[in-house]
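What follows is one structure encoded as structure tokens, with my remarks underneath.
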Amino acid sequence: MQKKTIKDVDIAGKTVFIRVDFNVPIKNGVIEDDTRIKGALPTIKYAVEQGAKVILASHLGRPLKDKKKAEEKGLPYDAGKYTLKPVAEKLSEYLGAAVAFEQDGNIGSLISAMNNGDVVMHENLRLDAGEEKNDPDFAKQLADGIDVYVNDAFGTAHRSHASTEGITHFVDTCVAGLLMEKELEFLGKALENPDRPFVAILGGAKVSDKIPVIESLIERKVDKLLIGGAMAYTFFKAQGFTVGKSLVEDDMMPKALEIEQQAKDAGVEFILPTDHQVVDSYDPINSRKAIQIEFTNTGLVGLDIGPETIEIFKQALEGAKTIVWNGPMGMFEEKPFDEGTIAIANAVAEATEKGATSIVGGGDSVAAINQAGLADKISHISTGGGATLEFLSGDTLPGVAALNNR
């Protein structure tokens, strides 16, 4: 961890701007998943306890893009669903103190009236076009009156936006929050100095989304690389198997063969499913069955890994000391095709209990962990998503690079 954190600087009586990631699902004003809010609590509570004047800022969704789409299609646009007011109210509950909400985004007028330990929530940053454009004027506006900038939003650290990179040009003291510190420590160790055996599990729909991660993991000599989800079908078709109507990226087949060869040359055990759960595309409700990959015919669609593959993947995790998992094993959002993903969640939790350090990232993978009630049995659940993938790919994250070094 080469970056300074909030605990490395004096914040007592200072005005502290904390960039959090409160991009949470909200329906009819009700927060459906508050995992990210809870993840930011240690940093916020620390700042309050130290007597700082705390400004919180986050984005929520893509309001301006959605507004443009609605206007182009002549559809109504509901600006209300993009307000962070419900988050401020929920945060008040967790902190046991009122969190003021600045609906107009005019924080400057409130700072002078704040007392030490007060917390103010900025309205959705992306309601201003200057945020995503990293507009210097908007970044300067955010920095007005700020003594210390804290980035605790790892999930947006791969974006060069006004609140993640631009603002750091106008504030002298820029440090990581406690959640950001935890992300960098766990992911950094997995990349640079993992305890071995090191096993990576990658799933999801598209190989193209994961190529940089796969190549980075192979280059860093992960010991075993397990591939599940729809992305496996691109590898199968490249090998000459019939995959029916399963999702395939035809243009990625040459790359799939190249990746397999890279793994072989590096001595990495590259493990693909041997069986899968399929349905007949003409009768998807009644035709579900588990078959070997080689028995797939043209009318079938693969939607999850099969029981044999689950056992193979479990065995591959035996004795692991470091596990990184990103991406579901099948069409996780539709039961019963969540079975493979849930089984892997349980296997990762069991391996953790036996001494492995486990890191889980990606929406569906995290959802599976939470759904199975295993969150407290995983070493680290990454809040990153795209940022996690870019970090594991070895890319520099602008929101991290902009922070002060120790």
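Letters A, B, ... go to the chains of the structure tokens in the order shown; residues in each chain start at 1; ligands are counted from 1 in the same order.
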Shell around segment 293-296 of chain A at 8 Å using only C-alpha atoms, local window under 4 positions removed, as a PyMOL selection string: chain A and resi 241-244+273-276+300
Secondary structure check, strand (DSSP E or B) residues of segment 175-262 of chain A, as a ChimeraX atom specification: /A:175-176,198-202,224-227
Separation of atom CA of Glu183 of chain A from atom CA of Ser382 of chain A in Å: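 Between these atoms lies a distance of 6.5 Å.
Within the 7 Å cut-off around Phe22 of chain A, using only C-alpha atoms and omitting residues fewer than 2 positions from it on the same chain, the listed residues are Val20, Val24, Arg36, Ile37, Ser58, His59 and Leu60 of chain A.
The protein and nucleic acid residues lying at most 12 Å from Pro197 of chain A are Ala190, Lys221, Val222, Asp223, Lys224, Leu225, Val268, Glu269, Ala316, Leu317, Glu318, Gly319, Ala320, Lys321, Thr322, Ile323, Val324, Ala351, Gly355, Ala356 and Thr357 of chain A, with only C-alpha atoms considered and sequence neighbours fewer than 6 positions away removed.
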Write a file of the selected residues as a compact mmCIF listing (two decimals), in the first residue's frame, keeping C-alpha atoms.
```
# COMPACT_ATOMS: atom_id res chain seq x y z
CA ALA A 190 -3.08 -11.22 -5.09
CA LYS A 221 1.62 -17.40 -13.10
CA VAL A 222 -1.70 -18.15 -11.46
CA ASP A 223 -1.52 -21.90 -10.72
CA LYS A 224 -5.01 -22.80 -11.92
CA LEU A 225 -7.46 -20.88 -14.10
CA VAL A 268 -0.95 -22.82 -15.84
CA GLU A 269 -3.63 -25.47 -15.39
CA ALA A 316 -9.35 -27.54 -8.07
CA LEU A 317 -9.92 -25.34 -5.02
CA GLU A 318 -8.66 -27.99 -2.60
CA GLY A 319 -5.55 -26.70 -0.87
CA ALA A 320 -5.72 -23.26 -2.51
CA LYS A 321 -4.13 -20.43 -0.55
CA THR A 322 -5.31 -17.54 -2.74
CA ILE A 323 -8.61 -17.48 -4.67
CA VAL A 324 -9.88 -14.73 -6.97
CA ALA A 351 -11.72 -23.12 1.02
CA GLY A 355 -7.05 -21.14 5.23
CA ALA A 356 -7.34 -19.61 1.76
CA THR A 357 -7.49 -15.85 1.19
```
Exercise: Gly385 of chain A partners within 7 Å, only C-alpha atoms, chain neighbours under 2 positions left out, as a list of chain:residue names: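 That gives A:Gly155, A:Gly361, A:Gly362, A:Gly363, A:Thr383, A:Ala387, A:Thr388, A:Leu389.
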Surrounding residues of segment 178-181 of chain A excluding itself and chain neighbours under 3 positions, 8 Å, only C-alpha atoms, as a ChimeraX atom specification: /A:1,5-6,39-40,42-43,151-154,184-185
May I have all residues of segment 189-269 of chain A that DSSP, computed from the backbone, assigns to helix (DSSP H, G or I), given as an mmCIF file with C-alpha atoms, in the first residue's frame?
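Written output follows (selection-v9.cif):
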```cif
data_model
loop_
_atom_site.group_PDB
_atom_site.id
_atom_site.type_symbol
_atom_site.label_atom_id
_atom_site.label_comp_id
_atom_site.auth_asym_id
_atom_site.auth_seq_id
_atom_site.Cartn_x
_atom_site.Cartn_y
_atom_site.Cartn_z
ATOM 1 C CA LYS A 189 -1.173 -8.865 -2.780
ATOM 2 C CA ALA A 190 -3.077 -11.221 -5.093
ATOM 3 C CA LEU A 191 -1.294 -9.726 -8.088
ATOM 4 C CA GLU A 192 2.166 -9.115 -6.709
ATOM 5 C CA VAL A 207 -14.447 -13.595 -23.314
ATOM 6 C CA SER A 208 -13.752 -10.131 -24.728
ATOM 7 C CA ASP A 209 -14.561 -8.572 -21.345
ATOM 8 C CA LYS A 210 -12.012 -10.738 -19.550
ATOM 9 C CA ILE A 211 -9.095 -11.060 -21.993
ATOM 10 C CA PRO A 212 -6.827 -8.520 -20.234
ATOM 11 C CA VAL A 213 -7.526 -10.195 -16.872
ATOM 12 C CA ILE A 214 -6.907 -13.705 -18.221
ATOM 13 C CA GLU A 215 -3.627 -12.659 -19.842
ATOM 14 C CA SER A 216 -2.509 -10.784 -16.725
ATOM 15 C CA LEU A 217 -3.248 -13.791 -14.497
ATOM 16 C CA ILE A 218 -1.427 -16.163 -16.843
ATOM 17 C CA GLU A 219 1.551 -13.798 -17.037
ATOM 18 C CA ALA A 232 -16.573 -20.958 -22.018
ATOM 19 C CA TYR A 233 -18.531 -21.633 -25.238
ATOM 20 C CA THR A 234 -16.183 -19.472 -27.282
ATOM 21 C CA PHE A 235 -13.333 -21.752 -26.183
ATOM 22 C CA PHE A 236 -15.379 -24.869 -26.967
ATOM 23 C CA LYS A 237 -16.387 -23.728 -30.436
ATOM 24 C CA ALA A 238 -12.784 -22.745 -31.154
ATOM 25 C CA ASP A 250 -17.101 -15.972 -33.076
ATOM 26 C CA ASP A 251 -14.569 -13.211 -33.640
ATOM 27 C CA MET A 252 -12.836 -14.138 -30.390
ATOM 28 C CA MET A 253 -12.228 -17.812 -31.256
ATOM 29 C CA PRO A 254 -8.656 -17.303 -32.519
ATOM 30 C CA LYS A 255 -7.885 -15.387 -29.321
ATOM 31 C CA ALA A 256 -9.404 -18.178 -27.239
ATOM 32 C CA LEU A 257 -7.011 -20.706 -28.793
ATOM 33 C CA GLU A 258 -4.128 -18.296 -28.264
ATOM 34 C CA ILE A 259 -5.039 -17.919 -24.572
ATOM 35 C CA GLU A 260 -5.121 -21.687 -24.076
ATOM 36 C CA GLN A 261 -1.658 -21.958 -25.632
ATOM 37 C CA GLN A 262 -0.372 -19.122 -23.441
ATOM 38 C CA ALA A 263 -1.614 -20.972 -20.359
ATOM 39 C CA LYS A 264 0.021 -24.209 -21.496
ATOM 40 C CA ASP A 265 3.329 -22.466 -22.197
ATOM 41 C CA ALA A 266 3.237 -20.812 -18.759
#
```
